[in-house]
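Shown next, in structure tokens, is the structure this report addresses.
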There are 2 protein chains.
Amino acid sequence: MRLSNAKFVKQGIRAVAARAGVSTASVSRALNNPDAVSPSLRARIEQAIDVLGYIPHAPARILSSRRSRTLGAIVPTIDNTMFARGIASLQQYLSSVGYMLFLTTSGYDLDVELQQARNLISRGVDGLVLRGDCHHDGLRKLLADNAVPFINVGIYQPDRPYPCVGTDNEAAAYRAAAHIIELGHRRVGIVSALQRNNDRASARVAGFRRALNENGIEFPPQWHVEVPYTLDDAREAARYLLNLKDRPTAVVCGNDVIAYGVLLEAERDGFSVPRDLSVVGFDDLDWSRHLRPSLTTIHVPTGETWQRAGEYLVRRLAGEQTIMHREIDFSLVVRESTAPPPKSLK
Amino acid sequence: MRLSNAKFVKQGIRAVAARAGVSTASVSRALNNPDAVSPSLRARIEQAIDVLGYIPHAPARILSSRRSRTLGAIVPTIDNTMFARGIASLQQYLSSVGYMLFLTTSGYDLDVELQQARNLISRGVDGLVLRGDCHHDGLRKLLADNAVPFINVGIYQPDRPYPCVGTDNEAAAYRAAAHIIELGHRRVGIVSALQRNNDRASARVAGFRRALNENGIEFPPQWHVEVPYTLDDAREAARYLLNLKDRPTAVVCGNDVIAYGVLLEAERDGFSVPRDLSVVGFDDLDWSRHLRPSLTTIHVPTGETWQRAGEYLVRRLAGEQTIMHREIDFSLVVRESTAPPPKSLK
DNA sequence: GCAGCCTTTGAAAACGGTTACAATCTAGAC
DNA sequence: GTCTAGATTGTAACCGTTTTCAAAGGCTGC
């Protein structure tokens, strides 16, 4: 049997309304648009809310209003300083504007990414933050079909029809390699992250290679190694490169973790950096300037990048003007790990 | 005007039902409890879902069923390897059992933590994962009032009436200090994390001190320094300790990042570790074994800890038997950064 | 004192699912 | 062939909000 008598309502907005002697509509208004109710009513409602310890039920709110004030983010993994950093900034920004963040991970698997996107859309997110522009076709269709705003973060691709914000990885990598070349190196190895399903990693490799090409530098294929995101793998790659009978005098790395691994292994094998070998990283993690030798690397403002991604979506959802492609500047930070090549190997 | 003719329903479960020629109840059943509908019906429904690209609307589902299959987690920050690790494990586990995770951060602020909890409860989470047992009184009340299951992770407190899972930080710290004492050190400095609103950090300090006390070792107050979670601060603390005219011969650290800072600064100031100074860390981060000298530290199985926290809540929500206090074993990992004290300073 | 306009408030219909309950159908027991 | 228990399906109320629409109330200017 349905109880229609308000006195019996024990919780929810109806209880607040009953207690304050107003309608549910007024309570809702007092919550969402305080200026729309008279001060006296508002005071009564606020008191009732306090007394009852009323907490609005977000799912009901979302169901009714068709807006969740929640964004979704899909990153390959949060167990990577760069992503953790970015997510932290994004979350902080979103919470400052009253939004929440639903965070999921894909493990660099495009199918999983699609699945997670479906999940998030099902959850009612207002928009999606994605990493890079390497996605499943089904994901693009899904986003289009459901009219979900999204942005690709960590890349800069002004020619593509999708919104993005990030640094131009290709150009940054080019800059890193150019630095090495300017120092006089002609024998340059590359240790990159895995390129599969990782357009950021591939763009960096492309940048390295373009710099070598444009300077007429030969690049034997065995001087390029791909490794996962662990120190052990990076060390192994370094060991391999350094023990080649025709070894490179410099190594450009896909990220700082790899560079650190190369640094460690070089020292272990008796090479002095930068005297015998120059090493360049990419990302400029916190500890890179503390290393001995400190690491020459590309500084990428991760926090800013992710915050801007959030800003883009929030503004778009508010119907404001937005910029589709936003470039975030990188910078080359020259520290101790790079120097001219040893005379003997020049 | 209300459209009652099913043919006009364009989306949602009613559209699927119309297309498959069944009731919404059957569609719901096919989705949530496939065995409850006949195979033929199920097939028809699944086909309709496919054709329409139907995605269930989670908020409606939550509203109606009063269950969200979502947990909330509040951590101080995700910009800390240990938390990132833990969250990653938790999330992976939850997704394997069909749960989602709402992640928020408190920045070590109890008021913010309370606010975030309110936020998460409002979002309809089925349970909450909290860090430690240092909470706002309002949070305890909130959890009790709303009957929200929760668990304190990263600590082990069998005497408290709240569920928890984690290592016994006090005992682990005791073990670390005992190792130093066993090596013969009598002059031991402590560089801990900030203890304010961080019961994990305080428990570690307590463990260090108990070990010193029980061995009758004097501990001048100026040998204890507290620092935030950055390399710079740790280095500054080390500089201070090492330049004391009466300097310690060993430093036990609240975590590996601090220990790394101490290592760096010691080397910079011309001290050789472990010959002139022994250093012990806590956490055993990935890179700790790669350092030179590699770091003696307490290994804490973070991933397992957080996964168990998830398991606890999931089981509890399923009405299964659960263990309220679960201890996760730590272990002392002895590496190169510890040795007997120099004879001259013994 | 009254018409007309704004502001404030309330009644009730959505929003998109789940689920209690009832209705129907099937098969086995007698 | 009838009866009954069990399996399958449908009907419709309900979850807790928002929001449309209309009604009521308060002012202004005449």
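Letters A, B, ... mark the chains of the structure tokens in the order given; residue numbers begin at 1 per chain; ligand numbers begin at 1, in order shown.
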Give me, as a Markdown table, the closest atom pair and its distance (Å, one decimal) for every residue of chain A within a cut-off of 10 Å of chain D, counting only C-alpha atoms (C1' of nucleotides), rows sorted by chain and rising number.
| residue | atom | partner | partner_atom | distance |
| --- | --- | --- | --- | --- |
| A:Met1 | CA | D:DA13 | C1' | 9.8 |
| A:Arg2 | CA | D:DA13 | C1' | 8.9 |
| A:Gln11 | CA | D:DG16 | C1' | 9.5 |
| A:Gly12 | CA | D:DG16 | C1' | 6.5 |
| A:Ile13 | CA | D:DG16 | C1' | 7.2 |
| A:Arg14 | CA | D:DG16 | C1' | 8.6 |
| A:Thr24 | CA | D:DT17 | C1' | 9.1 |
| A:Ala25 | CA | D:DT18 | C1' | 7.9 |
| A:Ser28 | CA | D:DT18 | C1' | 7.4 |
| A:Arg29 | CA | D:DT18 | C1' | 9.1 |
| A:Asn32 | CA | D:DT18 | C1' | 9.8 |
| A:Pro56 | CA | D:DT17 | C1' | 8.3 |
| A:His57 | CA | D:DG16 | C1' | 6.7 |
| A:Ala58 | CA | D:DT17 | C1' | 8.2 |
| A:Pro59 | CA | D:DT17 | C1' | 8.3 |
| A:Ala60 | CA | D:DT17 | C1' | 4.8 |
| A:Arg61 | CA | D:DT17 | C1' | 4.6 |
| A:Ile62 | CA | D:DT17 | C1' | 7.9 |
| A:Leu63 | CA | D:DT17 | C1' | 7.5 |
| A:Ser64 | CA | D:DT18 | C1' | 5.3 |
| A:Ser65 | CA | D:DT18 | C1' | 5.6 |
| A:Arg66 | CA | D:DT18 | C1' | 9.3 |
Those residues you just picked out, can you put them in a file as an mmCIF file, in the first residue's frame with C-alpha atoms?
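To be explicit, this is the file written out as out_16.cif:
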data_model
loop_
_atom_site.group_PDB
_atom_site.id
_atom_site.type_symbol
_atom_site.label_atom_id
_atom_site.label_comp_id
_atom_site.auth_asym_id
_atom_site.auth_seq_id
_atom_site.Cartn_x
_atom_site.Cartn_y
_atom_site.Cartn_z
ATOM 1 C CA MET A 1 0.000 0.000 0.000
ATOM 2 C CA ARG A 2 1.260 3.412 -0.915
ATOM 3 C CA GLN A 11 14.151 10.419 4.088
ATOM 4 C CA GLY A 12 14.970 12.074 0.846
ATOM 5 C CA ILE A 13 13.955 15.409 -0.483
ATOM 6 C CA ARG A 14 10.350 14.775 0.520
ATOM 7 C CA THR A 24 9.961 19.281 -3.033
ATOM 8 C CA ALA A 25 10.318 21.710 -5.892
ATOM 9 C CA SER A 28 15.357 21.280 -5.162
ATOM 10 C CA ARG A 29 15.566 24.922 -6.116
ATOM 11 C CA ASN A 32 20.522 23.957 -7.205
ATOM 12 C CA PRO A 56 21.052 14.368 -2.050
ATOM 13 C CA HIS A 57 20.987 11.185 -4.069
ATOM 14 C CA ALA A 58 23.169 11.821 -7.074
ATOM 15 C CA PRO A 59 21.867 8.962 -9.241
ATOM 16 C CA ALA A 60 18.316 10.229 -8.915
ATOM 17 C CA ARG A 61 19.526 13.680 -9.707
ATOM 18 C CA ILE A 62 21.379 12.473 -12.769
ATOM 19 C CA LEU A 63 18.427 10.435 -13.922
ATOM 20 C CA SER A 64 16.140 13.362 -13.689
ATOM 21 C CA SER A 65 18.389 16.134 -14.967
ATOM 22 C CA ARG A 66 20.335 14.172 -17.552
#
Per DSSP on the backbone, what are the strand (DSSP E or B) residues of range 221-302 of chain B, as a list in words?
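Written out, the strand (DSSP E or B) residues of range 221-302 of chain B are His224, Val225, Glu226, Val227, Ala250, Val251, Val252, Cys253, Ser278, Val279, Val280, Asp283, Thr296, Thr297, Ile298 and His299 of chain B.
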Go ahead and write the residues just picked, C-alpha atoms, as an mmCIF file, in the first residue's frame.
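Printed below is again_17.cif as written:
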data_model
loop_
_atom_site.group_PDB
_atom_site.id
_atom_site.type_symbol
_atom_site.label_atom_id
_atom_site.label_comp_id
_atom_site.auth_asym_id
_atom_site.auth_seq_id
_atom_site.Cartn_x
_atom_site.Cartn_y
_atom_site.Cartn_z
ATOM 1 C CA HIS B 224 64.437 13.467 14.666
ATOM 2 C CA VAL B 225 63.356 15.474 11.641
ATOM 3 C CA GLU B 226 59.971 15.474 9.905
ATOM 4 C CA VAL B 227 59.746 16.214 6.217
ATOM 5 C CA ALA B 250 72.689 5.647 10.892
ATOM 6 C CA VAL B 251 69.440 7.150 9.687
ATOM 7 C CA VAL B 252 66.140 5.303 9.622
ATOM 8 C CA CYS B 253 63.656 6.854 7.222
ATOM 9 C CA SER B 278 73.872 3.507 7.209
ATOM 10 C CA VAL B 279 70.474 4.283 5.743
ATOM 11 C CA VAL B 280 67.228 2.323 5.995
ATOM 12 C CA ASP B 283 58.145 0.642 1.480
ATOM 13 C CA THR B 296 67.962 -1.684 2.792
ATOM 14 C CA THR B 297 64.270 -1.258 3.471
ATOM 15 C CA ILE B 298 61.008 -2.738 4.694
ATOM 16 C CA HIS B 299 59.100 -4.475 1.974
#
Helix (DSSP H, G or I) positions in range 44-129 of chain B, given as a PyMOL selection string:
chain B and resi 44-52+58-65+81-96+110-122
Go ahead and write the selection's residues with C-alpha atoms as a short mmCIF file (atom, residue, chain, number, x, y, z; two decimals), in the first residue's frame.
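Dumped to result21.cif:
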data_model
loop_
_atom_site.label_atom_id
_atom_site.label_comp_id
_atom_site.auth_asym_id
_atom_site.auth_seq_id
_atom_site.Cartn_x
_atom_site.Cartn_y
_atom_site.Cartn_z
CA ARG B 44 15.74 -12.24 -29.07
CA ILE B 45 16.53 -9.71 -26.39
CA GLU B 46 20.24 -9.85 -26.98
CA GLN B 47 19.70 -9.29 -30.64
CA ALA B 48 17.52 -6.28 -29.98
CA ILE B 49 20.16 -4.88 -27.64
CA ASP B 50 22.78 -5.31 -30.32
CA VAL B 51 20.72 -3.71 -33.04
CA LEU B 52 19.82 -0.73 -30.95
CA ALA B 58 23.53 3.02 -14.45
CA PRO B 59 22.03 5.88 -12.45
CA ALA B 60 18.52 4.62 -13.14
CA ARG B 61 19.62 1.17 -12.22
CA ILE B 62 21.14 2.38 -8.97
CA LEU B 63 18.10 4.43 -8.14
CA SER B 64 15.85 1.52 -8.63
CA SER B 65 17.90 -1.26 -7.12
CA THR B 81 53.88 5.74 -5.83
CA MET B 82 52.55 3.70 -2.93
CA PHE B 83 49.02 4.98 -3.32
CA ALA B 84 49.13 4.77 -7.09
CA ARG B 85 50.22 1.16 -6.76
CA GLY B 86 47.51 0.36 -4.27
CA ILE B 87 44.79 2.04 -6.23
CA ALA B 88 45.87 0.26 -9.39
CA SER B 89 45.60 -3.12 -7.67
CA LEU B 90 42.29 -2.28 -6.08
CA GLN B 91 40.85 -1.09 -9.33
CA GLN B 92 42.05 -4.12 -11.21
CA TYR B 93 40.53 -6.44 -8.66
CA LEU B 94 37.24 -4.57 -8.55
CA SER B 95 36.89 -4.55 -12.29
CA SER B 96 37.49 -8.30 -12.30
CA LEU B 110 40.41 15.52 7.53
CA ASP B 111 37.73 18.03 6.62
CA VAL B 112 38.26 17.39 2.95
CA GLU B 113 38.14 13.68 3.61
CA LEU B 114 34.77 14.09 5.30
CA GLN B 115 33.51 16.20 2.45
CA GLN B 116 34.65 13.64 -0.09
CA ALA B 117 32.98 10.87 1.84
CA ARG B 118 29.73 12.81 1.77
CA ASN B 119 30.25 13.25 -1.92
CA LEU B 120 30.81 9.55 -2.49
CA ILE B 121 27.86 8.49 -0.39
CA SER B 122 25.75 10.94 -2.31
#
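Counting only C-alpha atoms, the residue from A:Leu101, A:Ala309, A:Ile190, A:Val75 that sits nearest to chain B is A:Leu101.
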Please measure the separation of CA of His325 in chain A and CA of Asn255 in chain A, giving the value in Å to one decimal.
24.0 Å
Do you have the CA of Ala171 in chain A-CA of Ser288 in chain A distance handy?
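Going from CA of Ala171 in chain A over to CA of Ser288 in chain A covers 21.1 Å.
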Based on only C-alpha atoms (C1' of nucleotides), which of the residues in chain C come within 7 Å of chain A? I want them as a ChimeraX atom specification.
/C:8,10,15
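In this structure, CA of Asn215 in chain B sits 14.5 Å away from CA of Ala173 in chain B.
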Hey, which of B:Glu170, B:Glu311, B:Asp286, B:Asp35 ends up closest to chain A? Count only C-alpha atoms.
B:Asp286
